[in-house]
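Data from work_23.cif: mmCIF, C-alpha atoms and all ligand atoms
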data_entry
#
loop_
_atom_site.label_atom_id
_atom_site.label_comp_id
_atom_site.auth_asym_id
_atom_site.auth_seq_id
_atom_site.Cartn_x
_atom_site.Cartn_y
_atom_site.Cartn_z
CA MET A 1 76.64 80.74 44.26
CA LYS A 2 79.28 83.48 44.62
CA MET A 3 76.57 85.92 45.78
CA ARG A 4 75.40 83.46 48.42
CA LEU A 5 78.91 82.94 49.76
CA LEU A 6 79.39 86.70 49.89
CA SER A 7 76.19 87.22 51.85
CA VAL A 8 77.15 84.48 54.33
CA ILE A 9 80.51 86.11 54.86
CA LEU A 10 78.84 89.49 55.31
CA LEU A 11 76.37 88.09 57.82
CA HIS A 12 79.19 86.46 59.76
CA GLY A 13 81.01 89.77 59.74
CA VAL A 14 78.02 91.62 61.20
CA CYS A 15 77.64 88.97 63.89
CA VAL A 16 81.28 89.23 64.92
CA LEU A 17 80.97 93.03 65.05
CA LEU A 18 77.85 92.84 67.22
CA LEU A 19 79.42 90.32 69.57
CA SER A 20 82.57 92.34 70.01
CA ALA A 21 80.80 95.72 70.42
CA PRO A 22 82.58 97.46 73.31
CA THR A 23 80.53 98.32 76.37
CA VAL A 24 80.77 102.04 76.97
CA SER A 25 81.38 103.55 80.36
CA ALA A 26 83.18 106.64 81.59
CA VAL A 27 86.82 106.83 82.57
CA SER A 28 88.10 108.99 85.45
CA LEU A 29 91.48 109.97 86.77
CA SER A 30 91.94 108.50 90.23
CA VAL A 31 94.43 109.90 92.71
CA THR A 32 95.88 107.81 95.58
CA PRO A 33 95.92 108.98 98.33
CA ASP A 34 92.59 110.60 97.55
CA HIS A 35 93.58 114.28 97.87
CA LYS A 36 93.86 117.34 95.67
CA GLN A 37 96.39 119.16 97.83
CA PHE A 38 99.79 117.78 98.86
CA PHE A 39 102.81 119.06 100.76
CA SER A 40 106.10 119.58 98.98
CA PRO A 41 108.50 117.96 99.38
CA GLY A 42 106.50 114.79 99.96
CA ALA A 43 106.50 111.18 98.83
CA LEU A 44 104.38 110.06 95.88
CA ALA A 45 100.85 110.10 94.62
CA ILE A 46 99.70 107.39 92.20
CA LEU A 47 97.58 108.52 89.27
CA SER A 48 95.58 106.03 87.24
CA CYS A 49 92.84 105.92 84.64
CA ASP A 50 89.96 103.88 86.04
CA ASP A 51 86.61 102.71 84.75
CA ASP A 52 83.82 104.44 86.70
CA ASP A 53 81.79 101.23 86.99
CA ASP A 54 84.29 98.75 88.41
CA GLU A 55 87.09 101.15 89.44
CA GLN A 56 89.61 98.97 87.57
CA LYS A 57 92.47 100.44 85.57
CA VAL A 58 91.61 100.71 81.86
CA ASP A 59 94.08 99.93 79.11
CA GLY A 60 94.89 102.37 76.37
CA TRP A 61 94.41 105.53 78.42
CA THR A 62 97.30 107.77 79.40
CA VAL A 63 97.67 110.18 82.32
CA LYS A 64 98.47 113.69 81.12
CA ARG A 65 99.11 117.04 82.74
CA THR A 66 98.59 120.59 81.54
CA ARG A 67 100.78 123.10 83.32
CA ALA A 68 101.57 126.64 82.19
CA GLY A 69 99.97 125.98 78.80
CA LEU A 70 102.05 122.86 78.17
CA THR A 71 100.48 119.37 78.01
CA GLU A 72 102.77 116.42 78.74
CA MET A 73 102.16 112.71 79.24
CA CYS A 74 103.17 110.59 82.19
CA GLY A 75 106.67 109.21 81.66
CA GLU A 76 107.76 112.21 79.61
CA ALA A 77 107.28 115.00 82.15
CA ALA A 78 109.36 116.24 85.07
CA GLY A 79 108.26 114.56 88.30
CA LEU A 80 105.61 112.50 86.51
CA VAL A 81 107.19 109.09 85.99
CA LEU A 82 106.08 105.64 84.87
CA LYS A 83 107.25 102.90 87.24
CA ASN A 84 105.97 99.30 87.16
CA SER A 85 103.29 100.57 84.75
CA LEU A 86 102.04 102.96 87.44
CA CYS A 87 102.03 106.70 86.91
CA GLN A 88 103.77 108.27 89.90
CA LEU A 89 103.59 111.93 90.72
CA GLU A 90 106.61 113.05 92.71
CA LEU A 91 105.41 115.57 95.25
CA ILE A 92 107.91 118.29 94.54
CA ASN A 93 107.49 121.85 93.38
CA PRO A 94 106.35 122.68 90.84
CA SER A 95 103.82 119.93 90.19
CA ASP A 96 100.67 122.03 90.23
CA GLY A 97 98.54 121.39 87.20
CA ALA A 98 95.41 120.02 85.62
CA TYR A 99 95.67 116.21 85.40
CA PHE A 100 93.46 114.07 83.18
CA CYS A 101 93.28 110.81 81.23
CA GLU A 102 93.28 110.62 77.44
CA SER A 103 92.56 107.66 75.18
CA SER A 104 94.51 106.87 72.03
CA SER A 105 91.56 108.24 70.02
CA GLY A 106 91.64 111.56 71.88
CA GLN A 107 88.77 111.11 74.36
CA ARG A 108 89.37 112.96 77.62
CA SER A 109 88.30 112.41 81.20
CA ASP A 110 87.37 115.28 83.51
CA GLU A 111 90.42 117.09 84.81
CA VAL A 112 91.60 117.16 88.41
CA ASN A 113 93.57 120.18 89.56
CA ILE A 114 96.34 119.06 91.90
CA THR A 115 98.18 121.55 94.08
CA VAL A 116 101.58 120.77 95.60
CA THR A 117 102.48 123.39 98.16
CA ALA A 118 105.57 124.44 100.05
CA GLY A 119 103.27 126.12 102.58
CA SER A 120 102.37 124.94 106.07
CA LEU A 121 98.73 123.93 105.59
CA ILE A 122 96.63 121.89 103.14
CA LEU A 123 92.92 121.37 102.71
CA ASP A 124 92.03 117.70 102.70
CA ILE A 125 89.35 117.41 100.00
CA PRO A 126 88.42 114.34 97.90
CA SER A 127 89.98 114.22 94.43
CA SER A 128 86.99 112.57 92.78
CA PRO A 129 83.39 113.81 92.59
CA VAL A 130 81.19 113.01 95.60
CA TRP A 131 77.64 111.69 95.22
CA THR A 132 74.63 113.85 95.95
CA GLY A 133 73.13 112.74 99.23
CA SER A 134 76.46 111.68 100.71
CA ASN A 135 78.31 113.27 103.64
CA VAL A 136 81.74 114.79 103.11
CA THR A 137 84.23 115.93 105.72
CA LEU A 138 86.86 118.52 104.84
CA LEU A 139 89.90 118.86 107.07
CA CYS A 140 92.62 121.42 107.40
CA GLN A 141 95.97 119.67 107.95
CA THR A 142 99.38 120.88 109.04
CA ARG A 143 102.66 119.33 107.87
CA GLU A 144 102.78 117.39 111.11
CA GLY A 145 99.47 115.79 110.15
CA LYS A 146 97.57 117.60 112.87
CA GLN A 147 94.04 118.87 112.41
CA GLU A 148 93.85 122.24 114.07
CA ASN A 149 90.74 124.27 114.68
CA SER A 150 90.19 125.99 111.36
CA TYR A 151 88.22 128.54 109.42
CA PHE A 152 86.65 127.11 106.26
CA TYR A 153 85.80 129.17 103.19
CA LYS A 154 83.75 128.55 100.07
CA ASP A 155 83.78 130.81 96.99
CA GLY A 156 84.99 133.74 99.11
CA GLY A 157 82.49 133.38 101.94
CA ILE A 158 83.38 132.10 105.38
CA PHE A 159 81.54 129.07 106.79
CA ASN A 160 82.33 129.32 110.47
CA PRO A 161 83.22 132.53 112.33
CA ASN A 162 84.49 130.34 115.18
CA PRO A 163 87.26 127.91 114.28
CA LYS A 164 86.33 124.21 114.29
CA GLU A 165 87.94 120.83 113.78
CA ASN A 166 86.44 120.04 110.38
CA LEU A 167 83.76 121.02 107.92
CA THR A 168 81.18 118.28 107.49
CA LEU A 169 78.73 118.70 104.64
CA THR A 170 75.73 116.44 105.11
CA ASN A 171 73.39 115.38 102.32
CA VAL A 172 75.59 117.01 99.67
CA GLN A 173 73.78 118.77 96.83
CA LYS A 174 74.91 120.28 93.52
CA SER A 175 74.87 123.70 95.26
CA ASP A 176 77.74 122.51 97.50
CA GLU A 177 80.03 122.52 94.47
CA GLY A 178 82.59 125.28 94.57
CA LEU A 179 86.07 126.35 95.53
CA TYR A 180 87.03 125.59 99.13
CA TRP A 181 89.97 126.55 101.31
CA CYS A 182 90.83 126.93 104.96
CA SER A 183 93.12 128.65 107.45
CA THR A 184 93.90 128.38 111.14
CA VAL A 185 94.83 130.91 113.77
CA ASP A 186 98.51 130.03 113.18
CA HIS A 187 98.54 129.26 109.45
CA PRO A 188 97.52 131.37 106.42
CA ASN A 189 94.95 130.31 103.79
CA THR A 190 95.55 127.07 101.91
CA SER A 191 95.29 126.87 98.14
CA LYS A 192 91.77 126.64 96.74
CA SER A 193 90.35 123.34 95.50
CA ARG A 194 87.09 122.46 93.80
CA LEU A 195 84.58 120.09 95.32
CA THR A 196 82.63 118.42 92.52
CA VAL A 197 79.29 116.75 93.08
CA ARG A 198 77.89 114.01 90.86
CA GLY A 199 74.14 113.49 90.65
CA HIS A 200 72.95 109.98 91.42
CA GLY A 201 69.83 110.27 89.22
CA LEU A 202 71.64 111.01 85.99
CA ALA A 203 74.34 108.37 86.50
CA MET A 204 71.76 105.68 87.29
CA ASN A 205 69.72 106.53 84.21
CA MET A 206 72.81 106.30 82.08
CA ARG A 207 73.65 102.91 83.51
CA GLU A 208 70.12 101.66 82.87
CA GLU A 209 70.34 102.80 79.27
CA ASP A 210 73.72 101.13 78.98
CA GLY A 211 72.21 97.91 80.31
CA TYR A 212 69.31 98.15 77.88
CA ALA A 213 71.62 98.70 74.92
CA GLN A 214 73.77 95.76 76.01
CA THR A 215 70.74 93.46 76.25
CA VAL A 216 69.51 94.46 72.79
CA THR A 217 72.99 93.96 71.35
CA ALA A 218 73.29 90.54 72.97
CA LEU A 219 69.87 89.43 71.67
CA LEU A 220 70.66 90.70 68.16
CA SER A 221 73.99 88.87 68.23
CA ILE A 222 72.35 85.58 69.17
CA LEU A 223 69.64 85.94 66.51
CA CYS A 224 72.29 86.84 64.02
CA LEU A 225 74.41 83.80 64.83
CA ILE A 226 71.45 81.42 64.68
CA LYS A 227 70.47 82.90 61.34
CA SER A 228 73.95 82.67 59.85
CA ILE A 229 74.48 79.11 61.10
CA ASN A 230 71.09 78.17 59.64
CA LYS A 231 71.96 79.80 56.34
CA ASP A 232 75.36 78.10 56.35
CA PHE A 233 73.61 74.78 56.91
CA HIS A 234 71.06 75.26 54.11
CA ASP A 235 73.66 76.52 51.68
CA ARG A 236 75.70 73.32 52.01
C1 LIG A 301 91.61 123.98 87.18
O1 LIG A 301 92.33 125.20 87.28
C2 LIG A 301 92.14 126.08 86.18
C3 LIG A 301 93.06 127.26 86.37
O2 LIG A 301 92.99 127.77 87.67
C4 LIG A 301 90.67 126.47 86.12
O3 LIG A 301 90.45 127.34 85.04
C5 LIG A 301 89.82 125.22 85.97
O4 LIG A 301 88.45 125.55 85.99
C6 LIG A 301 90.11 124.23 87.09
N1 LIG A 301 89.39 122.99 86.83
C7 LIG A 301 88.80 122.29 87.78
C8 LIG A 301 88.09 121.06 87.35
O5 LIG A 301 88.83 122.62 88.95
C1 LIG A 302 74.93 111.86 106.93
O1 LIG A 302 74.95 112.41 108.24
C2 LIG A 302 73.64 112.45 108.81
C3 LIG A 302 73.74 113.23 110.12
O2 LIG A 302 74.88 112.88 110.84
C4 LIG A 302 73.13 111.03 109.00
O3 LIG A 302 71.85 111.05 109.57
C5 LIG A 302 73.09 110.35 107.64
O4 LIG A 302 72.73 108.99 107.80
C6 LIG A 302 74.43 110.43 106.94
N1 LIG A 302 74.25 109.98 105.56
C7 LIG A 302 75.06 109.09 104.98
C8 LIG A 302 74.77 108.76 103.56
O5 LIG A 302 76.02 108.59 105.56
C1 LIG A 303 92.00 134.23 103.26
O1 LIG A 303 90.72 134.11 102.62
C2 LIG A 303 89.76 135.05 103.13
C3 LIG A 303 88.43 134.76 102.45
O2 LIG A 303 88.48 135.01 101.08
C4 LIG A 303 90.23 136.48 102.86
O3 LIG A 303 89.30 137.38 103.37
C5 LIG A 303 91.58 136.68 103.49
O4 LIG A 303 92.08 137.96 103.15
C6 LIG A 303 92.57 135.62 103.04
N1 LIG A 303 93.81 135.76 103.80
C7 LIG A 303 94.99 135.87 103.22
C8 LIG A 303 96.15 136.04 104.12
O5 LIG A 303 95.14 135.88 102.00
C1 LIG A 304 84.74 116.33 112.84
O1 LIG A 304 84.55 117.11 114.01
C2 LIG A 304 83.61 116.55 114.91
C3 LIG A 304 83.38 117.50 116.09
O2 LIG A 304 84.22 118.59 116.07
C4 LIG A 304 84.13 115.18 115.40
O3 LIG A 304 83.19 114.60 116.26
C5 LIG A 304 84.36 114.29 114.18
O4 LIG A 304 84.95 113.07 114.61
C6 LIG A 304 85.28 114.97 113.19
N1 LIG A 304 85.36 114.14 111.99
C7 LIG A 304 86.51 113.81 111.41
C8 LIG A 304 86.44 112.95 110.20
O5 LIG A 304 87.59 114.17 111.85
#

As structure tokens, how would this structure be written, given the file I've shared?
Amino acid sequence: MKMRLLSVILLHGVCVLLLSAPTVSAVSLSVTPDHKQFFSPGALAILSCDDDDDEQKVDGWTVKRTRAGLTEMCGEAAGLVLKNSLCQLELINPSDGAYFCESSSGQRSDEVNITVTAGSLILDIPSSPVWTGSNVTLLCQTREGKQENSYFYKDGGIFNPNPKENLTLTNVQKSDEGLYWCSTVDHPNTSKSRLTVRGHGLAMNMREEDGYAQTVTALLSILCLIKSINKDFHDR
């Protein structure tokens, strides 16, 4: 009788575990406004740890920054403050660094290098990876918010010998990844920032596998419950 009770309890335990199995998806650091380069002094950027699938903030992950070999968490670092449970980056020098999200168990998101410059020009480049096949427009902006005719560079090479308003990359491919910067006739080179490209194919496969695993887990959970209820019933 004791053995039976034990096995019922065990079965219930397995069912509860299956039912509460967390769904796995990636977490990314999101930067609002969506830039990698900012002017100093400036207002604020909001940093948050978001789920890749629904772009909602995830609990239990902390924004961190590595700068000059030192890693600090939001709320305990100069210019990186927690306010109304939002992580705010004060756009003052020196705030350059590699920013990322970390879970309580030590999992890390990809890092985003943010540059805060006292200079006169920034490159406007998205902070998060862009999808292959999409179009991306890079702009060169002055402090006054003007887009001047600019020279764009990638990995040391120049894109356009004649200055132009923006650099539009159409049908982005993995080969478009790299370090970009720009200059104008009146303003020297901006800092360099990385454009990262995320492949659609891989991400979609991963999601499909996720979906498959979730379906199997759900079916197993239901079977498991039916079985344990049945067993419960017969044991009485
Ligand atoms: C961030 O900057 C560091 C130092 O310049 C560099 O080694 C690293 O590759 C950069 N990471 C990204 C994702 O751009
Ligand atoms: C990208 O730009 C090209 C040329 O302007 C256009 O034909 C295409 O539809 C655009 N693609 C996307 C995904 O917006
Ligand atoms: C700006 O970048 C270009 C391309 O690498 C380089 O040739 C040039 O010397 C740089 N200008 C300055 C002022 O650093
Ligand atoms: C980029 O430049 C082209 C032509 O120079 C212009 O038509 C287009 O509106 C610009 N795009 C953005 C986003 O500024």

task = Rank nothing, just name the residue among A:Pro33, A:Gly133, A:Pro188, A:Gly178 nearest to ligand LIG 302 (chain A), using all atoms listed in the file.
result = A:Gly133

task = Would you mind listing the residues within 12 Å of ligand LIG 302 (chain A), counting all atoms listed in the file, as a VMD selection string?
result = chain A and resid 130 to 137 168 to 172

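Taking CA of Leu86 (chain A) as the reference point, CA of Ser48 (chain A) is found at 7.2 Å.
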
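We find CA of Asp110 (chain A) and atom C5 of ligand LIG 301 (chain A) to be spaced 10.5 Å apart.
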
Residues of chain A that approach ligand LIG 303 (chain A) to 8 Å or less, counting all atoms listed in the file: could you list each one with the shortest pair of atoms and its distance in Å to one decimal, rows by chain and increasing residue number, as JSON lines?
{"residue": "A:Tyr153", "atom": "CA", "partner": "A:LIG303", "partner_atom": "C3", "distance": 6.2}
{"residue": "A:Asp155", "atom": "CA", "partner": "A:LIG303", "partner_atom": "O2", "distance": 7.5}
{"residue": "A:Gly156", "atom": "CA", "partner": "A:LIG303", "partner_atom": "O2", "distance": 4.2}
{"residue": "A:Gly157", "atom": "CA", "partner": "A:LIG303", "partner_atom": "C3", "distance": 6.1}
{"residue": "A:Ile158", "atom": "CA", "partner": "A:LIG303", "partner_atom": "C3", "distance": 6.4}
{"residue": "A:Trp181", "atom": "CA", "partner": "A:LIG303", "partner_atom": "O1", "distance": 7.7}
{"residue": "A:Cys182", "atom": "CA", "partner": "A:LIG303", "partner_atom": "O1", "distance": 7.6}
{"residue": "A:Ser183", "atom": "CA", "partner": "A:LIG303", "partner_atom": "C1", "distance": 7.1}
{"residue": "A:Pro188", "atom": "CA", "partner": "A:LIG303", "partner_atom": "C8", "distance": 5.4}
{"residue": "A:Asn189", "atom": "CA", "partner": "A:LIG303", "partner_atom": "C1", "distance": 4.9}

For the contact check between chain A and ligand LIG 304 (chain A), emit one row per residue of chain A within 9 Å, containing the shortest atom pair and the distance in Å rounded to one decimal, counting only C-alpha atoms and all ligand atoms, chain then rising number order, as a Markdown table.
| residue | atom | partner | partner_atom | distance |
| --- | --- | --- | --- | --- |
| A:Val136 | CA | A:LIG304 | C8 | 8.7 |
| A:Thr137 | CA | A:LIG304 | C8 | 5.8 |
| A:Leu138 | CA | A:LIG304 | C8 | 7.7 |
| A:Leu139 | CA | A:LIG304 | O5 | 7.1 |
| A:Gln147 | CA | A:LIG304 | O5 | 8.0 |
| A:Asn149 | CA | A:LIG304 | O2 | 8.8 |
| A:Lys164 | CA | A:LIG304 | O2 | 6.3 |
| A:Glu165 | CA | A:LIG304 | O2 | 4.9 |
| A:Asn166 | CA | A:LIG304 | C1 | 4.8 |
| A:Leu167 | CA | A:LIG304 | C1 | 6.9 |
| A:Thr168 | CA | A:LIG304 | C1 | 6.7 |

Box for ligand LIG 301 (chain A) - axis-aligned, 8 Å on each of the six sides, all listed atoms - centre and size in Å to one decimal, as JSON.
{"center_x": 90.6, "center_y": 124.4, "center_z": 87.0, "size_x": 21.0, "size_y": 22.7, "size_z": 19.9}

task = Provide the CA of Arg194 (chain A) to CA of Asn113 (chain A) distance in Å, to one decimal place.
result = 8.1 Å

request  = Please extract the residues at most 9 Å from ligand LIG 301 (chain A), counting only C-alpha atoms and all ligand atoms, and provide them as a PyMOL selection string, using the chain letters and residue numbers of this document.
outcome  = chain A and resi 97-99+110-114+178-179+193-196

Local residues around (84.8, 105.1, 85.5), at most 6 Å away, using all atoms listed in the file, as number ranges by chain = A: 26-28, 50-53

Grab the residues selected above and save them as a PDB file, keeping the file's coordinate frame with C-alpha atoms.
ATOM      1  CA  ALA A  26      83.180 106.640  81.590  1.00  0.00           C
ATOM      2  CA  VAL A  27      86.820 106.830  82.570  1.00  0.00           C
ATOM      3  CA  SER A  28      88.100 108.990  85.450  1.00  0.00           C
ATOM      4  CA  ASP A  50      89.960 103.880  86.040  1.00  0.00           C
ATOM      5  CA  ASP A  51      86.610 102.710  84.750  1.00  0.00           C
ATOM      6  CA  ASP A  52      83.820 104.440  86.700  1.00  0.00           C
ATOM      7  CA  ASP A  53      81.790 101.230  86.990  1.00  0.00           C
TER       8      ASP A  53
END

note = In terms of only C-alpha atoms, the residue from A:Lys146, A:Lys64, A:Lys83, A:Lys36 at minimal distance from Gly106 (chain A) is A:Lys64

message = Quick one: residues within 8 Å of Ser127 (chain A), all atoms listed in the file, excluding same-chain residues fewer than 2 positions away - as a ChimeraX atom specification?
response = /A:30-31,34-36,112,125,129

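Taking all atoms listed in the file into account, Gln37 (chain A) lies nearest to A:Arg143 out of the set A:Lys154, A:Arg143, A:Arg108, A:Lys57.
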
request  = Write out as a PyMOL selection string which residues come within 8 Å of Glu102 (chain A) when counting only C-alpha atoms, dropping same-chain ones fewer than 2 positions away.
outcome  = chain A and resi 61-64+100+104-109
